[in-house]
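One structure is given here, and the rest of the page talks about it.
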Amino acid sequence: MIETAVWNETASAAVWARILAKVDAMRTVMGDRSPHVAGGDGKYDSLRLDWWTSGFWPGMLWLAHDMSGEERFREAAWSWDERLEQMMLEENRFDHDVGFQFLPTAVFKHALTGDEDARRRGLFAANFLAGRFNPRGGFIRAWNGDRIGWAIADTAMNLSLLFWAAKESGDPRFAHVAKLHADTVLREFIRPDGSAHHIVRFDPETGERADALGGQGAAPDSAWSRGNAWVLYGMANTYRHTGDPAYLRASQRVAHYFVAHLPEDAVPHWDFRADGELAGEPRDTSAGAIAASGLLELADALPEREGRAYRAAAERMLASLDARYATWDRPDHEAILTQGTGHKPAGQNVNVSLIYGDYFFMEAVAKLNGWARRIF
């Protein structure tokens, strides 16, 4: 483990080596499982392939292959986009999170191998995502069921699928949809102080804003840390795809709020405005990992002198995750990070390991080791 105040090339290489060894160990035991949560026993569960987290484990395998060149990771990752496509052809629950599912599988696979079926699957998913767009309200609908006018912070990260599809197909409509949704995030989600709502509800007929909901945060006016991380990273990505400085400034605002509200060890609590004393509230290591990767994206978008502070904040979070929250000394624990929080208001998955926390921790450390490919 490294000290939280120190991060250099040697530290980056050491942490990456630990991650790669852990992913290799996971590969030997995971099989066909589609993991989401590892509880106290350290064993990852397995959920349906249409659950929103199904792309992160194969994304870790593709990233391991991309960085190491080892064929065993490629072989383990190869069939996941085909399996997701098959699920699309039967009754399913796919929603706004198809970017989380097809970017780390089909799009990553095509980028690495040129596989044309993977390209087709990525475009298929982008068409599905674009089809959820409500032109009256300028938003991509979130979940299914009766929540027709709901939009959520998480979707900001799925917009990269649409930007990729626009470039890959030559059809600008995908990018138009992504930009219109991003504009709604700027206007309706990000508060003046840089914090962000999780859920904003619109009238699906008129497109008028109805209200904001707490969602996975503590309250409608709270600041759920993972939602803020999604917006921070998603706006940085949108700037990278569009060059519009409005998205860059928005990402910076959210980043300033996020970093200013970190506790002493630089790993966020699950909500920055939870009731009572935050010292007694659970952490969310997944929010820290996502924000760290987003901060590195933000740093790369700025001149070196201006981006230096964002990179340093990311390194501080990653160093703390490595030193205090990782399972390096627990070889039987399948996950990398502990103390993630899924949905505290519902009492679900508190103080657990979360596969997306593992993915974004791995992605962020890969960036610090020179990984220049961008999937999200």
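To be explicit about the labels: the chains of the structure tokens are called A, B, and onward in the order shown, and within each one the residues are counted from 1, while ligands get numbers from 1 in the order they are shown.
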Identify, on the basis of only C-alpha atoms, every residue whose closest approach to Ile199 of chain A does not exceed 10 Å; exclude the query and any residue fewer than 5 positions from it along the same chain; express the result as an mmCIF file with all heavy atoms, in the first residue's frame.
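The resulting file, selection_6.cif, is reproduced below:
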data_model
loop_
_atom_site.group_PDB
_atom_site.id
_atom_site.type_symbol
_atom_site.label_atom_id
_atom_site.label_comp_id
_atom_site.auth_asym_id
_atom_site.auth_seq_id
_atom_site.Cartn_x
_atom_site.Cartn_y
_atom_site.Cartn_z
ATOM 1 N N ALA A 142 -35.302 7.411 -17.786
ATOM 2 C CA ALA A 142 -34.513 6.505 -16.962
ATOM 3 C C ALA A 142 -35.153 5.122 -16.921
ATOM 4 O O ALA A 142 -35.110 4.388 -17.907
ATOM 5 C CB ALA A 142 -34.336 7.087 -15.564
ATOM 6 N N TRP A 150 -39.187 10.325 -15.682
ATOM 7 C CA TRP A 150 -38.043 10.437 -14.767
ATOM 8 C C TRP A 150 -36.717 10.431 -15.526
ATOM 9 O O TRP A 150 -36.500 9.621 -16.438
ATOM 10 C CB TRP A 150 -38.042 9.274 -13.777
ATOM 11 C CG TRP A 150 -39.173 9.290 -12.784
ATOM 12 C CD1 TRP A 150 -40.400 9.865 -12.938
ATOM 13 C CD2 TRP A 150 -39.167 8.687 -11.497
ATOM 14 N NE1 TRP A 150 -41.162 9.655 -11.833
ATOM 15 C CE2 TRP A 150 -40.444 8.942 -10.919
ATOM 16 C CE3 TRP A 150 -38.244 7.958 -10.765
ATOM 17 C CZ2 TRP A 150 -40.794 8.489 -9.656
ATOM 18 C CZ3 TRP A 150 -38.591 7.503 -9.499
ATOM 19 C CH2 TRP A 150 -39.847 7.767 -8.953
ATOM 20 N N ALA A 151 -35.833 11.332 -15.130
ATOM 21 C CA ALA A 151 -34.456 11.351 -15.635
ATOM 22 C C ALA A 151 -33.533 11.329 -14.426
ATOM 23 O O ALA A 151 -33.866 11.873 -13.372
ATOM 24 C CB ALA A 151 -34.204 12.586 -16.480
ATOM 25 N N ILE A 152 -32.365 10.696 -14.569
ATOM 26 C CA ILE A 152 -31.469 10.546 -13.419
ATOM 27 C C ILE A 152 -30.027 10.904 -13.780
ATOM 28 O O ILE A 152 -29.628 10.886 -14.944
ATOM 29 C CB ILE A 152 -31.530 9.120 -12.826
ATOM 30 C CG1 ILE A 152 -31.020 8.074 -13.817
ATOM 31 C CG2 ILE A 152 -32.938 8.788 -12.372
ATOM 32 C CD1 ILE A 152 -30.920 6.681 -13.193
ATOM 33 N N ALA A 153 -29.263 11.195 -12.733
ATOM 34 C CA ALA A 153 -27.874 11.621 -12.904
ATOM 35 C C ALA A 153 -27.031 10.573 -13.613
ATOM 36 O O ALA A 153 -26.131 10.901 -14.399
ATOM 37 C CB ALA A 153 -27.268 11.942 -11.535
ATOM 38 N N ASP A 154 -27.304 9.295 -13.351
ATOM 39 C CA ASP A 154 -26.500 8.201 -13.892
ATOM 40 C C ASP A 154 -26.398 8.232 -15.417
ATOM 41 O O ASP A 154 -25.390 7.820 -15.994
ATOM 42 C CB ASP A 154 -27.090 6.849 -13.477
ATOM 43 C CG ASP A 154 -27.537 6.799 -12.024
ATOM 44 O OD1 ASP A 154 -28.063 7.809 -11.526
ATOM 45 O OD2 ASP A 154 -27.397 5.737 -11.399
ATOM 46 N N GLU A 188 -31.083 21.474 -15.245
ATOM 47 C CA GLU A 188 -32.024 20.983 -14.238
ATOM 48 C C GLU A 188 -31.394 20.167 -13.111
ATOM 49 O O GLU A 188 -32.019 19.991 -12.066
ATOM 50 C CB GLU A 188 -33.103 20.125 -14.920
ATOM 51 C CG GLU A 188 -33.860 20.822 -16.031
ATOM 52 C CD GLU A 188 -34.783 21.935 -15.530
ATOM 53 O OE1 GLU A 188 -34.901 22.108 -14.296
ATOM 54 O OE2 GLU A 188 -35.378 22.634 -16.366
ATOM 55 N N PHE A 189 -30.197 19.656 -13.300
ATOM 56 C CA PHE A 189 -29.615 18.768 -12.300
ATOM 57 C C PHE A 189 -28.568 19.447 -11.427
ATOM 58 O O PHE A 189 -28.489 19.195 -10.229
ATOM 59 C CB PHE A 189 -28.978 17.544 -12.973
ATOM 60 C CG PHE A 189 -29.948 16.471 -13.340
ATOM 61 C CD1 PHE A 189 -30.753 16.596 -14.463
ATOM 62 C CD2 PHE A 189 -30.075 15.326 -12.570
ATOM 63 C CE1 PHE A 189 -31.663 15.608 -14.807
ATOM 64 C CE2 PHE A 189 -30.970 14.324 -12.890
ATOM 65 C CZ PHE A 189 -31.774 14.471 -14.023
ATOM 66 N N ASP A 211 -40.604 18.128 -10.352
ATOM 67 C CA ASP A 211 -39.894 18.246 -9.078
ATOM 68 C C ASP A 211 -38.625 17.409 -9.121
ATOM 69 O O ASP A 211 -38.332 16.748 -10.117
ATOM 70 C CB ASP A 211 -40.778 17.809 -7.902
ATOM 71 C CG ASP A 211 -41.370 16.421 -8.071
ATOM 72 O OD1 ASP A 211 -40.914 15.672 -8.968
ATOM 73 O OD2 ASP A 211 -42.281 16.055 -7.304
ATOM 74 N N ALA A 212 -37.860 17.469 -8.028
ATOM 75 C CA ALA A 212 -36.678 16.627 -7.857
ATOM 76 C C ALA A 212 -36.952 15.647 -6.725
ATOM 77 O O ALA A 212 -37.667 15.970 -5.766
ATOM 78 C CB ALA A 212 -35.453 17.466 -7.554
ATOM 79 N N LEU A 213 -36.392 14.465 -6.835
ATOM 80 C CA LEU A 213 -36.584 13.410 -5.841
ATOM 81 C C LEU A 213 -35.248 13.000 -5.247
ATOM 82 O O LEU A 213 -34.202 13.103 -5.900
ATOM 83 C CB LEU A 213 -37.266 12.199 -6.473
ATOM 84 C CG LEU A 213 -38.599 12.455 -7.190
ATOM 85 C CD1 LEU A 213 -39.078 11.192 -7.874
ATOM 86 C CD2 LEU A 213 -39.645 12.977 -6.211
ATOM 87 N N GLY A 214 -35.286 12.503 -4.021
ATOM 88 C CA GLY A 214 -34.050 12.093 -3.360
ATOM 89 C C GLY A 214 -33.409 10.875 -3.977
ATOM 90 O O GLY A 214 -32.180 10.762 -4.020
ATOM 91 N N GLY A 215 -34.219 9.932 -4.449
ATOM 92 C CA GLY A 215 -33.671 8.726 -5.064
ATOM 93 C C GLY A 215 -32.797 7.959 -4.098
ATOM 94 O O GLY A 215 -33.194 7.631 -2.986
ATOM 95 N N GLN A 216 -31.579 7.692 -4.506
ATOM 96 C CA GLN A 216 -30.647 6.969 -3.650
ATOM 97 C C GLN A 216 -29.906 7.882 -2.676
ATOM 98 O O GLN A 216 -29.076 7.419 -1.896
ATOM 99 C CB GLN A 216 -29.674 6.167 -4.512
ATOM 100 C CG GLN A 216 -30.334 4.956 -5.158
ATOM 101 C CD GLN A 216 -29.476 4.268 -6.206
ATOM 102 O OE1 GLN A 216 -29.724 4.369 -7.393
ATOM 103 N NE2 GLN A 216 -28.456 3.567 -5.758
ATOM 104 N N GLY A 217 -30.222 9.164 -2.731
ATOM 105 C CA GLY A 217 -29.677 10.107 -1.775
ATOM 106 C C GLY A 217 -30.557 10.224 -0.547
ATOM 107 O O GLY A 217 -31.632 9.625 -0.461
ATOM 108 N N PRO A 220 -34.441 15.053 -1.307
ATOM 109 C CA PRO A 220 -34.415 15.778 -2.585
ATOM 110 C C PRO A 220 -33.369 16.886 -2.651
ATOM 111 O O PRO A 220 -32.859 17.188 -3.725
ATOM 112 C CB PRO A 220 -35.839 16.348 -2.685
ATOM 113 C CG PRO A 220 -36.678 15.402 -1.901
ATOM 114 C CD PRO A 220 -35.809 14.977 -0.745
ATOM 115 N N GLY A 227 -24.108 9.901 -7.334
ATOM 116 C CA GLY A 227 -24.756 10.682 -8.381
ATOM 117 C C GLY A 227 -23.933 11.882 -8.781
ATOM 118 O O GLY A 227 -23.829 12.230 -9.968
#
Find the spatial neighbours of Met362 of chain A, counting only C-alpha atoms, within a cut-off of 12 Å - ignore same-chain residues fewer than 2 positions away - and output them as a JSON list (two decimals) with C-alpha atoms, in the first residue's frame.
[["chain", "number", "residue", "atom", "x", "y", "z"],
["A", 12, "SER", "CA", 1.07, 3.64, -10.07],
["A", 15, "VAL", "CA", -1.07, -0.58, -7.55],
["A", 16, "TRP", "CA", -1.68, -1.68, -11.13],
["A", 17, "ALA", "CA", 0.21, -4.92, -10.52],
["A", 18, "ARG", "CA", -1.99, -5.64, -7.51],
["A", 19, "ILE", "CA", -5.13, -4.94, -9.52],
["A", 20, "LEU", "CA", -4.05, -7.16, -12.41],
["A", 21, "ALA", "CA", -3.25, -10.03, -10.05],
["A", 22, "LYS", "CA", -6.65, -9.64, -8.38],
["A", 23, "VAL", "CA", -8.50, -9.59, -11.70],
["A", 56, "PHE", "CA", -18.41, -3.93, -15.65],
["A", 57, "TRP", "CA", -16.83, -7.33, -15.04],
["A", 59, "GLY", "CA", -14.97, -4.42, -18.98],
["A", 60, "MET", "CA", -12.36, -5.24, -16.36],
["A", 61, "LEU", "CA", -11.31, -8.25, -18.42],
["A", 62, "TRP", "CA", -11.00, -6.21, -21.61],
["A", 63, "LEU", "CA", -9.03, -3.54, -19.75],
["A", 64, "ALA", "CA", -6.70, -6.19, -18.34],
["A", 67, "MET", "CA", -2.99, -3.19, -20.71],
["A", 286, "SER", "CA", -17.54, 3.34, -5.57],
["A", 289, "ALA", "CA", -13.41, 5.54, -7.63],
["A", 290, "ILE", "CA", -15.82, 7.02, -10.19],
["A", 292, "ALA", "CA", -11.24, 9.84, -9.30],
["A", 293, "SER", "CA", -11.46, 8.59, -12.86],
["A", 318, "LEU", "CA", -6.95, 6.46, -5.20],
["A", 321, "LEU", "CA", -8.69, 3.47, -1.57],
["A", 322, "ASP", "CA", -5.54, 1.41, -2.10],
["A", 326, "ALA", "CA", -8.71, -2.65, -0.79],
["A", 335, "ALA", "CA", -13.70, -8.01, -4.97],
["A", 336, "ILE", "CA", -11.07, -5.27, -4.92],
["A", 337, "LEU", "CA", -12.72, -2.53, -2.84],
["A", 355, "ILE", "CA", -18.42, -4.32, -9.16],
["A", 356, "TYR", "CA", -18.62, -0.80, -10.61],
["A", 357, "GLY", "CA", -16.43, 0.46, -7.78],
["A", 358, "ASP", "CA", -13.87, -2.15, -8.78],
["A", 359, "TYR", "CA", -14.16, -1.24, -12.46],
["A", 360, "PHE", "CA", -13.67, 2.51, -12.03],
["A", 364, "ALA", "CA", -8.48, 5.26, -12.95],
["A", 365, "VAL", "CA", -5.27, 3.46, -12.04],
["A", 366, "ALA", "CA", -4.88, 2.35, -15.66],
["A", 367, "LYS", "CA", -5.04, 6.00, -16.70],
["A", 368, "LEU", "CA", -2.22, 6.79, -14.28],
["A", 369, "ASN", "CA", -0.24, 3.99, -15.92],
["A", 371, "TRP", "CA", -3.84, 3.97, -20.62]]
Original post:
So which residues of segment 140-306 of chain A fall under alpha helix (DSSP H) by DSSP, listed as a PyMOL selection string?
Top reply: chain A and resi 159-169+173-184+225-242+245-260+285-301+304-306
Saved selection, atoms kept: C-alpha atoms, as a PDB file, in the first residue's frame:
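Here's the written file selection.pdb:
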ATOM      1  CA  LEU A 159     -24.106   9.431 -23.253  1.00  0.00           C
ATOM      2  CA  SER A 160     -20.700   8.226 -24.454  1.00  0.00           C
ATOM      3  CA  LEU A 161     -22.475   5.358 -26.232  1.00  0.00           C
ATOM      4  CA  LEU A 162     -24.404   7.886 -28.325  1.00  0.00           C
ATOM      5  CA  PHE A 163     -21.343   9.991 -29.119  1.00  0.00           C
ATOM      6  CA  TRP A 164     -19.489   6.828 -30.159  1.00  0.00           C
ATOM      7  CA  ALA A 165     -22.403   5.760 -32.375  1.00  0.00           C
ATOM      8  CA  ALA A 166     -22.508   9.172 -34.076  1.00  0.00           C
ATOM      9  CA  LYS A 167     -18.837   8.905 -35.020  1.00  0.00           C
ATOM     10  CA  GLU A 168     -18.992   5.227 -35.893  1.00  0.00           C
ATOM     11  CA  SER A 169     -22.109   5.461 -38.082  1.00  0.00           C
ATOM     12  CA  ARG A 173     -28.673  12.243 -34.624  1.00  0.00           C
ATOM     13  CA  PHE A 174     -27.063  10.178 -31.882  1.00  0.00           C
ATOM     14  CA  ALA A 175     -24.901  13.115 -30.837  1.00  0.00           C
ATOM     15  CA  HIS A 176     -27.874  15.489 -31.030  1.00  0.00           C
ATOM     16  CA  VAL A 177     -29.779  13.343 -28.531  1.00  0.00           C
ATOM     17  CA  ALA A 178     -26.761  13.101 -26.232  1.00  0.00           C
ATOM     18  CA  LYS A 179     -26.169  16.853 -26.293  1.00  0.00           C
ATOM     19  CA  LEU A 180     -29.822  17.685 -25.649  1.00  0.00           C
ATOM     20  CA  HIS A 181     -29.844  15.405 -22.620  1.00  0.00           C
ATOM     21  CA  ALA A 182     -26.555  16.905 -21.411  1.00  0.00           C
ATOM     22  CA  ASP A 183     -28.079  20.382 -21.725  1.00  0.00           C
ATOM     23  CA  THR A 184     -30.928  19.242 -19.486  1.00  0.00           C
ATOM     24  CA  SER A 225     -22.056  11.236  -3.683  1.00  0.00           C
ATOM     25  CA  ARG A 226     -22.231   8.617  -6.421  1.00  0.00           C
ATOM     26  CA  GLY A 227     -24.756  10.682  -8.381  1.00  0.00           C
ATOM     27  CA  ASN A 228     -22.447  13.666  -8.113  1.00  0.00           C
ATOM     28  CA  ALA A 229     -19.579  11.495  -9.356  1.00  0.00           C
ATOM     29  CA  TRP A 230     -21.640  10.383 -12.372  1.00  0.00           C
ATOM     30  CA  VAL A 231     -22.342  14.001 -13.277  1.00  0.00           C
ATOM     31  CA  LEU A 232     -18.738  15.125 -12.735  1.00  0.00           C
ATOM     32  CA  TYR A 233     -17.407  12.404 -15.023  1.00  0.00           C
ATOM     33  CA  GLY A 234     -20.288  12.538 -17.507  1.00  0.00           C
ATOM     34  CA  MET A 235     -19.890  16.268 -18.120  1.00  0.00           C
ATOM     35  CA  ALA A 236     -16.137  15.885 -18.582  1.00  0.00           C
ATOM     36  CA  ASN A 237     -16.843  13.185 -21.169  1.00  0.00           C
ATOM     37  CA  THR A 238     -19.427  15.356 -22.910  1.00  0.00           C
ATOM     38  CA  TYR A 239     -16.856  18.132 -23.199  1.00  0.00           C
ATOM     39  CA  ARG A 240     -14.363  15.662 -24.689  1.00  0.00           C
ATOM     40  CA  HIS A 241     -16.900  14.631 -27.331  1.00  0.00           C
ATOM     41  CA  THR A 242     -18.246  18.101 -28.163  1.00  0.00           C
ATOM     42  CA  PRO A 245     -16.789  24.671 -22.742  1.00  0.00           C
ATOM     43  CA  ALA A 246     -20.153  24.787 -20.944  1.00  0.00           C
ATOM     44  CA  TYR A 247     -19.763  21.089 -20.117  1.00  0.00           C
ATOM     45  CA  LEU A 248     -16.178  21.566 -19.001  1.00  0.00           C
ATOM     46  CA  ARG A 249     -17.182  24.354 -16.633  1.00  0.00           C
ATOM     47  CA  ALA A 250     -20.049  22.232 -15.304  1.00  0.00           C
ATOM     48  CA  SER A 251     -17.711  19.326 -14.590  1.00  0.00           C
ATOM     49  CA  GLN A 252     -15.364  21.699 -12.779  1.00  0.00           C
ATOM     50  CA  ARG A 253     -18.187  23.058 -10.614  1.00  0.00           C
ATOM     51  CA  VAL A 254     -19.280  19.586  -9.551  1.00  0.00           C
ATOM     52  CA  ALA A 255     -15.646  18.592  -8.984  1.00  0.00           C
ATOM     53  CA  HIS A 256     -15.098  21.584  -6.697  1.00  0.00           C
ATOM     54  CA  TYR A 257     -18.139  20.660  -4.619  1.00  0.00           C
ATOM     55  CA  PHE A 258     -17.142  16.995  -4.484  1.00  0.00           C
ATOM     56  CA  VAL A 259     -13.530  17.560  -3.445  1.00  0.00           C
ATOM     57  CA  ALA A 260     -14.410  20.289  -0.944  1.00  0.00           C
ATOM     58  CA  THR A 285     -15.847   3.738  -2.202  1.00  0.00           C
ATOM     59  CA  SER A 286     -17.535   3.343  -5.573  1.00  0.00           C
ATOM     60  CA  ALA A 287     -18.310   7.077  -5.601  1.00  0.00           C
ATOM     61  CA  GLY A 288     -14.660   7.787  -4.831  1.00  0.00           C
ATOM     62  CA  ALA A 289     -13.410   5.539  -7.627  1.00  0.00           C
ATOM     63  CA  ILE A 290     -15.821   7.016 -10.190  1.00  0.00           C
ATOM     64  CA  ALA A 291     -14.975  10.576  -9.181  1.00  0.00           C
ATOM     65  CA  ALA A 292     -11.237   9.844  -9.302  1.00  0.00           C
ATOM     66  CA  SER A 293     -11.458   8.586 -12.862  1.00  0.00           C
ATOM     67  CA  GLY A 294     -13.608  11.589 -13.778  1.00  0.00           C
ATOM     68  CA  LEU A 295     -11.143  13.991 -12.176  1.00  0.00           C
ATOM     69  CA  LEU A 296      -8.345  12.490 -14.270  1.00  0.00           C
ATOM     70  CA  GLU A 297     -10.499  13.031 -17.367  1.00  0.00           C
ATOM     71  CA  LEU A 298     -11.076  16.605 -16.291  1.00  0.00           C
ATOM     72  CA  ALA A 299      -7.385  17.165 -15.666  1.00  0.00           C
ATOM     73  CA  ASP A 300      -6.553  15.903 -19.168  1.00  0.00           C
ATOM     74  CA  ALA A 301      -9.057  18.343 -20.673  1.00  0.00           C
ATOM     75  CA  GLU A 304      -1.371  21.109 -17.307  1.00  0.00           C
ATOM     76  CA  ARG A 305      -1.068  23.927 -14.800  1.00  0.00           C
ATOM     77  CA  GLU A 306      -4.844  24.213 -14.393  1.00  0.00           C
TER      78      GLU A 306
END
**OP:** Can you pull out every residue within 7 Å of Ser34 of chain A, counting only C-alpha atoms, but drop anything in the same chain fewer than 6 positions away, and send it as a PyMOL selection string?
**Re:** chain A and resi 46-49+54
Subject >> Spatial neighbours of segment 270-276 of chain A, max dist 7 Å, only C-alpha atoms, sep filter under 2 positions, as a ChimeraX atom specification >> reply: /A:217-218,222-225,261,268,278,282-284,341
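Here atom CA of Glu363 of chain A stands at a distance of 24.1 Å from atom CA of Ser195 of chain A.
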Segment 116-121 of chain A environment, 7 Å, only C-alpha atoms, sequence neighbours closer than 6 positions dropped, as a short mmCIF file (atom, residue, chain, number, x, y, z; two decimals) with N, CA and C atoms, in the first residue's frame:
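Ended up saving to around_29.cif:
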data_model
loop_
_atom_site.label_atom_id
_atom_site.label_comp_id
_atom_site.auth_asym_id
_atom_site.auth_seq_id
_atom_site.Cartn_x
_atom_site.Cartn_y
_atom_site.Cartn_z
N ASP A 81 -20.64 -9.60 -25.04
CA ASP A 81 -21.55 -8.77 -25.84
C ASP A 81 -22.56 -9.62 -26.59
N GLU A 85 -26.62 -9.33 -26.25
CA GLU A 85 -27.50 -9.21 -27.40
C GLU A 85 -28.61 -10.24 -27.35
N ALA A 106 -19.24 -4.57 -26.03
CA ALA A 106 -19.22 -4.51 -27.49
C ALA A 106 -18.29 -3.42 -28.02
N VAL A 107 -18.39 -2.21 -27.46
CA VAL A 107 -17.59 -1.09 -27.98
C VAL A 107 -16.11 -1.31 -27.69
N LYS A 109 -14.66 -4.20 -27.19
CA LYS A 109 -14.24 -5.34 -28.01
C LYS A 109 -13.95 -4.90 -29.45
N HIS A 110 -14.82 -4.08 -30.00
CA HIS A 110 -14.60 -3.61 -31.37
C HIS A 110 -13.35 -2.75 -31.45
#
**OP:** For Phe100 of chain A, work out the shell of residues within 6 Å, counting only C-alpha atoms and skipping chain neighbours fewer than 3 positions away, then give it as a PyMOL selection string.
**Re:** chain A and resi 55+97+103
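Between Trp78 of chain A and the residues A:Ile375, A:Val267, A:Ala130, A:Leu112, the shortest atom-to-atom distance, using only C-alpha atoms, involves A:Leu112.
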Subject >> Atom-to-atom span, atom CA of Arg311 of chain A and atom CA of Asn8 of chain A, Å >> reply: 11.7 Å
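Here atom CA of Ala76 of chain A stands at a distance of 25.1 Å from atom CA of Val352 of chain A.
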Subject >> Distance query Arg72 of chain A at most 9 Å, only C-alpha atoms, self and fewer than 5 positions along chain excluded, as a PyMOL selection string >> reply: chain A and resi 24+27+61+65+77
For the selection you just gave me, I'd like the residues written to a file as a PDB file, in the first residue's frame, keeping all heavy atoms.
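Full text of selection.pdb as output:
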ATOM      1  N   ASP A  24      -6.973 -11.355 -12.320  1.00  0.00           N
ATOM      2  CA  ASP A  24      -6.636 -12.697 -12.798  1.00  0.00           C
ATOM      3  C   ASP A  24      -7.191 -13.763 -11.851  1.00  0.00           C
ATOM      4  O   ASP A  24      -7.707 -14.799 -12.285  1.00  0.00           O
ATOM      5  CB  ASP A  24      -5.129 -12.840 -12.932  1.00  0.00           C
ATOM      6  CG  ASP A  24      -4.723 -13.951 -13.890  1.00  0.00           C
ATOM      7  OD1 ASP A  24      -5.571 -14.389 -14.707  1.00  0.00           O
ATOM      8  OD2 ASP A  24      -3.560 -14.379 -13.828  1.00  0.00           O
ATOM      9  N   ARG A  27     -10.845 -13.981 -12.436  1.00  0.00           N
ATOM     10  CA  ARG A  27     -11.127 -14.679 -13.693  1.00  0.00           C
ATOM     11  C   ARG A  27     -11.213 -16.194 -13.487  1.00  0.00           C
ATOM     12  O   ARG A  27     -12.049 -16.873 -14.098  1.00  0.00           O
ATOM     13  CB  ARG A  27     -10.023 -14.347 -14.706  1.00  0.00           C
ATOM     14  CG  ARG A  27     -10.151 -15.050 -16.045  1.00  0.00           C
ATOM     15  CD  ARG A  27      -8.886 -14.824 -16.883  1.00  0.00           C
ATOM     16  NE  ARG A  27      -7.692 -15.346 -16.210  1.00  0.00           N
ATOM     17  CZ  ARG A  27      -7.317 -16.627 -16.267  1.00  0.00           C
ATOM     18  NH1 ARG A  27      -8.024 -17.519 -16.958  1.00  0.00           N
ATOM     19  NH2 ARG A  27      -6.228 -17.020 -15.635  1.00  0.00           N
ATOM     20  N   LEU A  61     -12.084  -7.262 -17.664  1.00  0.00           N
ATOM     21  CA  LEU A  61     -11.307  -8.245 -18.421  1.00  0.00           C
ATOM     22  C   LEU A  61     -10.713  -7.631 -19.688  1.00  0.00           C
ATOM     23  O   LEU A  61      -9.539  -7.860 -20.007  1.00  0.00           O
ATOM     24  CB  LEU A  61     -12.199  -9.441 -18.775  1.00  0.00           C
ATOM     25  CG  LEU A  61     -12.642 -10.318 -17.610  1.00  0.00           C
ATOM     26  CD1 LEU A  61     -13.760 -11.262 -18.049  1.00  0.00           C
ATOM     27  CD2 LEU A  61     -11.461 -11.121 -17.068  1.00  0.00           C
ATOM     28  N   HIS A  65      -6.784  -7.083 -20.600  1.00  0.00           N
ATOM     29  CA  HIS A  65      -6.191  -7.530 -21.866  1.00  0.00           C
ATOM     30  C   HIS A  65      -5.508  -6.365 -22.587  1.00  0.00           C
ATOM     31  O   HIS A  65      -4.382  -6.511 -23.102  1.00  0.00           O
ATOM     32  CB  HIS A  65      -7.266  -8.138 -22.760  1.00  0.00           C
ATOM     33  CG  HIS A  65      -6.800  -8.401 -24.159  1.00  0.00           C
ATOM     34  ND1 HIS A  65      -5.801  -9.308 -24.462  1.00  0.00           N
ATOM     35  CD2 HIS A  65      -7.188  -7.858 -25.343  1.00  0.00           C
ATOM     36  CE1 HIS A  65      -5.592  -9.316 -25.764  1.00  0.00           C
ATOM     37  NE2 HIS A  65      -6.409  -8.446 -26.322  1.00  0.00           N
ATOM     38  N   ALA A  77     -13.348 -12.487 -21.820  1.00  0.00           N
ATOM     39  CA  ALA A  77     -14.244 -11.361 -22.107  1.00  0.00           C
ATOM     40  C   ALA A  77     -15.024 -11.530 -23.399  1.00  0.00           C
ATOM     41  O   ALA A  77     -16.045 -10.867 -23.600  1.00  0.00           O
ATOM     42  CB  ALA A  77     -13.421 -10.070 -22.187  1.00  0.00           C
TER      43      ALA A  77
END
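Taking only segment 28-263 of chain A, the residues that DSSP calls strand (DSSP E or B) from the backbone come to Val37, Ala38, Tyr44, Phe133, Asn134, Phe139, Ile140, Trp150, Ala151, Ile152, Ile190, Ala196, Ile199, Val200, Arg201, Phe202, Arg209, Ala210, Asp211, Ala212, Leu213 and Trp224 of chain A.
Nearest-residue note for Glu277 of chain A: choosing from A:Pro263, A:Pro345, A:Arg324, A:Phe361, the minimum distance belongs to A:Pro263, counting only C-alpha atoms.
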